[in-house]
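Peer 1: For reference, this is structure.csv, and it has CSV, C-alpha atoms and all ligand atoms.
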```csv
chain,number,residue,atom,x,y,z
R,511,MET,CA,-37.5,-13.5,-44.4
R,512,LYS,CA,-39.6,-12.5,-41.4
R,513,SER,CA,-38.5,-15.5,-39.4
R,514,SER,CA,-34.8,-15.1,-40.1
R,515,PHE,CA,-35.1,-11.5,-38.9
R,516,LEU,CA,-36.7,-12.8,-35.8
R,517,ILE,CA,-33.9,-15.4,-35.3
R,518,ILE,CA,-31.2,-12.7,-35.7
R,519,LEU,CA,-33.1,-10.5,-33.2
R,520,ILE,CA,-33.3,-13.3,-30.6
R,521,THR,CA,-29.6,-14.3,-31.1
R,522,SER,CA,-28.5,-10.7,-30.7
R,523,PHE,CA,-30.5,-10.3,-27.6
R,524,GLY,CA,-29.0,-13.5,-26.2
R,525,LEU,CA,-25.5,-12.2,-26.9
R,526,PHE,CA,-26.3,-8.8,-25.4
R,527,THR,CA,-27.6,-10.3,-22.1
R,528,SER,CA,-24.7,-12.8,-21.9
R,529,CYS,CA,-22.1,-10.0,-22.4
R,530,LYS,CA,-23.8,-8.0,-19.7
R,531,LYS,CA,-23.6,-11.0,-17.3
R,532,ASP,CA,-19.9,-11.5,-18.1
R,533,LYS,CA,-19.2,-7.8,-17.2
R,534,GLU,CA,-21.0,-8.3,-13.8
R,535,VAL,CA,-19.0,-11.4,-13.0
R,536,ILE,CA,-15.5,-10.1,-13.8
R,537,ALA,CA,-14.3,-8.0,-10.8
R,538,PRO,CA,-10.6,-7.1,-10.5
R,539,THR,CA,-8.9,-9.0,-7.6
R,540,PRO,CA,-7.7,-6.5,-5.0
R,541,LEU,CA,-3.9,-6.0,-4.9
R,542,TYR,CA,-4.0,-7.2,-1.2
R,543,GLN,CA,-5.2,-10.7,-2.4
R,544,ARG,CA,-2.9,-10.8,-5.4
R,545,ILE,CA,0.2,-10.4,-3.3
R,546,GLY,CA,-0.9,-13.0,-0.7
R,547,GLY,CA,-2.9,-11.1,1.9
R,548,GLU,CA,-2.1,-10.4,5.6
R,549,ALA,CA,1.0,-12.6,5.8
R,550,VAL,CA,2.8,-10.9,2.9
R,551,VAL,CA,1.7,-7.4,4.0
R,552,THR,CA,3.1,-8.1,7.5
R,553,ASP,CA,6.4,-9.5,6.1
R,554,ILE,CA,6.8,-6.5,3.9
R,555,ILE,CA,6.3,-4.0,6.8
R,556,ASP,CA,8.6,-6.0,9.1
R,557,GLN,CA,11.3,-6.1,6.5
R,558,THR,CA,10.9,-2.4,5.8
R,559,ILE,CA,11.3,-1.6,9.5
R,560,THR,CA,14.5,-3.8,9.6
R,561,ASN,CA,15.8,-2.0,6.5
R,562,ILE,CA,15.0,1.5,8.0
R,563,ILE,CA,16.7,0.6,11.3
R,564,THR,CA,20.0,0.0,9.5
R,565,ASP,CA,19.6,2.9,7.1
R,566,ASN,CA,21.8,5.7,8.4
R,567,ARG,CA,20.2,8.2,6.0
R,568,ILE,CA,16.9,8.1,7.9
R,569,ASN,CA,17.1,5.8,11.0
R,570,PHE,CA,17.8,8.8,13.3
R,571,PHE,CA,14.2,9.9,12.8
R,572,PHE,CA,13.1,6.7,14.6
R,573,ALA,CA,15.6,7.0,17.5
R,574,ALA,CA,12.8,7.7,20.1
R,575,LEU,CA,11.0,4.5,19.1
R,576,ALA,CA,14.1,2.3,19.7
R,577,THR,CA,13.8,2.9,23.5
R,578,ASP,CA,10.0,2.7,23.6
R,579,PRO,CA,8.7,-0.8,22.6
R,580,THR,CA,5.0,0.2,23.0
R,581,LYS,CA,5.5,3.1,20.5
R,582,ALA,CA,7.4,0.9,18.2
R,583,GLN,CA,4.6,-1.8,18.3
R,584,THR,CA,2.0,0.9,17.6
R,585,LEU,CA,4.0,2.2,14.6
R,586,ARG,CA,4.3,-1.4,13.3
R,587,LYS,CA,0.6,-2.1,13.7
R,588,ASN,CA,-0.3,1.2,12.0
R,589,LEU,CA,2.0,0.5,9.1
R,590,ILE,CA,0.4,-2.9,8.6
R,591,ASP,CA,-3.1,-1.6,8.9
R,592,GLN,CA,-2.4,1.3,6.5
R,593,LEU,CA,-0.8,-0.9,3.8
R,594,GLY,CA,-3.5,-3.5,4.2
R,595,GLN,CA,-6.2,-0.9,3.8
R,596,LEU,CA,-4.5,0.9,0.9
R,597,SER,CA,-4.1,-2.3,-1.0
R,598,GLY,CA,-7.7,-3.4,-0.6
R,599,GLY,CA,-7.6,-5.6,2.5
R,600,ASN,CA,-10.2,-5.5,5.4
R,601,GLN,CA,-7.8,-3.6,7.8
R,602,GLN,CA,-8.9,-0.2,9.1
R,603,TYR,CA,-6.1,2.3,9.6
R,604,THR,CA,-6.7,4.1,12.9
R,605,GLY,CA,-3.5,6.1,13.2
R,606,ARG,CA,-3.1,9.8,12.6
R,607,THR,CA,-3.2,11.4,9.1
R,608,MET,CA,0.1,11.4,7.2
R,609,THR,CA,0.3,15.1,7.4
R,610,ALA,CA,-0.4,15.2,11.2
R,611,VAL,CA,2.3,12.5,11.9
R,612,HIS,CA,5.0,13.9,9.8
R,613,THR,CA,4.5,17.6,10.5
R,614,GLY,CA,7.6,19.1,12.2
R,615,MET,CA,9.9,16.3,10.8
R,616,ASN,CA,11.0,18.4,7.8
R,617,ILE,CA,11.5,15.2,5.7
R,618,ASN,CA,13.2,16.1,2.4
R,619,THR,CA,12.9,14.4,-1.0
R,620,ALA,CA,16.1,12.4,-0.6
R,621,GLN,CA,14.9,11.0,2.8
R,622,PHE,CA,11.5,10.2,1.4
R,623,ALA,CA,13.3,8.4,-1.5
R,624,ALA,CA,15.4,6.5,1.0
R,625,PHE,CA,12.3,5.3,2.8
R,626,ILE,CA,10.8,4.2,-0.5
R,627,GLU,CA,14.1,2.3,-1.3
R,628,ASP,CA,13.9,0.5,2.0
R,629,PHE,CA,10.3,-0.4,1.3
R,630,THR,CA,11.2,-1.5,-2.3
R,631,ARG,CA,14.0,-3.8,-1.0
R,632,ALA,CA,11.4,-5.4,1.4
R,633,ILE,CA,9.0,-6.0,-1.5
R,634,ASP,CA,11.9,-7.5,-3.5
R,635,SER,CA,12.4,-10.1,-0.7
R,636,LYS,CA,8.9,-11.4,-1.5
R,637,ASN,CA,9.6,-12.0,-5.2
R,638,LEU,CA,6.3,-10.5,-6.4
R,639,PRO,CA,5.5,-9.9,-10.1
R,640,ALA,CA,6.6,-6.6,-11.5
R,641,ALA,CA,3.0,-5.3,-11.8
R,642,GLU,CA,2.2,-5.9,-8.2
R,643,LYS,CA,5.5,-4.4,-7.0
R,644,ALA,CA,4.9,-1.3,-9.0
R,645,GLU,CA,1.3,-1.0,-7.6
R,646,LEU,CA,2.7,-1.3,-4.0
R,647,ILE,CA,5.3,1.4,-4.6
R,648,ALA,CA,2.7,3.7,-6.2
R,649,LEU,CA,0.6,3.4,-3.0
R,650,TYR,CA,3.4,5.0,-1.0
R,651,GLN,CA,4.6,7.4,-3.7
R,652,ASN,CA,1.0,8.8,-3.7
R,653,LEU,CA,1.5,9.9,-0.1
R,654,SER,CA,4.6,12.0,-0.8
R,655,ALA,CA,2.8,15.4,-0.8
R,656,ASP,CA,1.5,14.8,2.7
R,657,ILE,CA,4.9,13.8,4.1
R,658,ILE,CA,7.7,15.8,2.3
R,659,GLY,CA,8.5,19.2,3.7
R,660,LYS,CA,6.0,19.2,6.5
O,701,LIG,C1,5.2,6.7,2.1
O,701,LIG,C2,6.1,6.8,3.1
O,701,LIG,C3,5.6,6.8,4.5
O,701,LIG,C4,4.6,6.2,5.1
O,701,LIG,C5,3.5,5.4,4.4
O,701,LIG,C6,4.6,6.5,6.5
O,701,LIG,C7,3.7,6.0,7.4
O,701,LIG,C8,3.7,6.2,8.8
O,701,LIG,C9,2.7,5.8,9.7
O,701,LIG,C10,1.4,5.0,9.4
O,701,LIG,C11,3.1,6.2,10.9
O,701,LIG,C12,2.3,5.9,12.3
O,701,LIG,C13,1.3,6.9,12.5
O,701,LIG,C14,0.7,6.9,13.9
O,701,LIG,O1,1.3,6.2,14.8
O,701,LIG,O2,-0.4,7.5,14.2
O,701,LIG,C15,4.3,6.9,10.8
O,701,LIG,C16,5.1,7.4,11.8
O,701,LIG,C17,6.3,7.9,11.6
O,701,LIG,N1,7.0,8.2,10.5
O,701,LIG,FE1,6.3,7.8,8.6
O,701,LIG,N2,5.7,7.2,6.8
O,701,LIG,C18,6.4,7.4,5.6
O,701,LIG,C19,7.5,8.1,5.4
O,701,LIG,C20,8.3,8.5,6.4
O,701,LIG,C21,9.6,9.1,6.3
O,701,LIG,C22,10.3,9.3,4.9
O,701,LIG,C23,10.1,9.3,7.5
O,701,LIG,C24,11.5,9.8,7.9
O,701,LIG,C25,12.5,9.8,7.2
O,701,LIG,C26,9.1,8.9,8.5
O,701,LIG,C27,9.2,9.0,9.9
O,701,LIG,C28,8.2,8.7,10.8
O,701,LIG,C29,8.4,8.7,12.2
O,701,LIG,C30,9.6,9.1,13.0
O,701,LIG,C31,7.2,8.2,12.8
O,701,LIG,C32,6.9,8.0,14.3
O,701,LIG,C33,6.1,9.2,14.8
O,701,LIG,C34,5.7,9.0,16.2
O,701,LIG,O3,5.4,7.9,16.6
O,701,LIG,O4,5.8,10.0,17.0
O,701,LIG,N3,8.0,8.5,7.8
O,701,LIG,N4,4.7,6.9,9.4
```
Show the structure stored in the file as structure tokens.
Peer 2:
Amino acid sequence: MKSSFLIILITSFGLFTSCKKDKEVIAPTPLYQRIGGEAVVTDIIDQTITNIITDNRINFFFAALATDPTKAQTLRKNLIDQLGQLSGGNQQYTGRTMTAVHTGMNINTAQFAAFIEDFTRAIDSKNLPAAEKAELIALYQNLSADIIGK
């Protein structure tokens, strides 16, 4: 009786410690890696920019950048770094805050939605799973309060 109690105690302890170990090992893979890392983030931003340029609902906002390649390159780099960082990559976004950049533009809800649509079409071109697509869109949707109506 005594020894079977001891066996149960030892077995339970073993189970407890192995469960604890499993918990330590399983860490969620960052979105950045799940979608394919730098190459895919870069492609999504490049395709988003292409979509915006041909989107008459919002492309006039970016008119100044069309004649200033240095400014356009900075915007591209900042968008890549920002999306990389937001999705869990090693990039460090060094641009201005979303509120600072978009203040004075008076971007409305429909224009913001058009931007998200252009971004979504870019994601669609990469054929990502639905869960990853939704997570990417949520990263941008979460910034709406800092961008709309500023
Ligand atoms: C979630 C949506 C958006 C994100 C993540 C975003 C992100 C950014 C970033 C990272 C920059 C560069 C910041 C810098 O250079 O310091 C930027 C600049 C800019 N954004 Fe947005 N943006 C969003 C929505 C919009 C919308 C909806 C519009 C207009 C319809 C817009 C218009 C602009 C313009 C014109 C610039 C260039 C500003 C400049 O260089 O002077 N953005 N945005």
Peer 1: When you look at region 539-542 of chain R with a cut-off of 6 Å (counting all atoms listed in the file), what residues show up, excluding the ones that are within fewer than 2 positions of it in the same chain? I need them as a PyMOL selection string.
Peer 2: chain R and resi 544-545+547+597-599
Peer 1: Of the candidates R:Asp553, R:Glu534, R:Glu548, R:Asp578, which shows the shortest atom-to-atom distance to ligand LIG 701 (chain O), using only C-alpha atoms and all ligand atoms?
Peer 2: R:Asp578
Peer 1: Can you pull out every residue with an atom within 9 Å of ligand LIG 701 (chain O)? Use only C-alpha atoms and all ligand atoms and format it as a count of residues only.
Peer 2: 54
Peer 1: Kindly give the distance, in Å, that separates CA of Asp628 (chain R) and CA of Thr558 (chain R), rounded to a single decimal.
Peer 2: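 Result for CA of Asp628 (chain R) versus CA of Thr558 (chain R): 5.6 Å, one decimal.
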Peer 1: Nearest residue to Asp556 (chain R) out of R:Ser635, R:Val535, R:Thr609, R:Gln543, using all atoms listed in the file?
Peer 2: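 Of the candidates, the smallest distance to Asp556 (chain R) is held by R:Ser635.
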Peer 1: Could you jot down the CA of Thr552 (chain R) to CA of Gln601 (chain R) separation for me, Å, one decimal place?
Peer 2: 11.8 Å
Peer 1: One decimal, in Å: what's the spacing between CA of Lys636 (chain R) and CA of Gly546 (chain R)?
Peer 2: 10.0 Å
Peer 1: Compare R:Thr577, R:Asp565, R:Ala632, R:Gly614 by their minimum atom-to-atom distance to Lys660 (chain R), counting only C-alpha atoms, and give me the closest one.
Peer 2: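 For Lys660 (chain R), the nearest of the candidates is R:Gly614.
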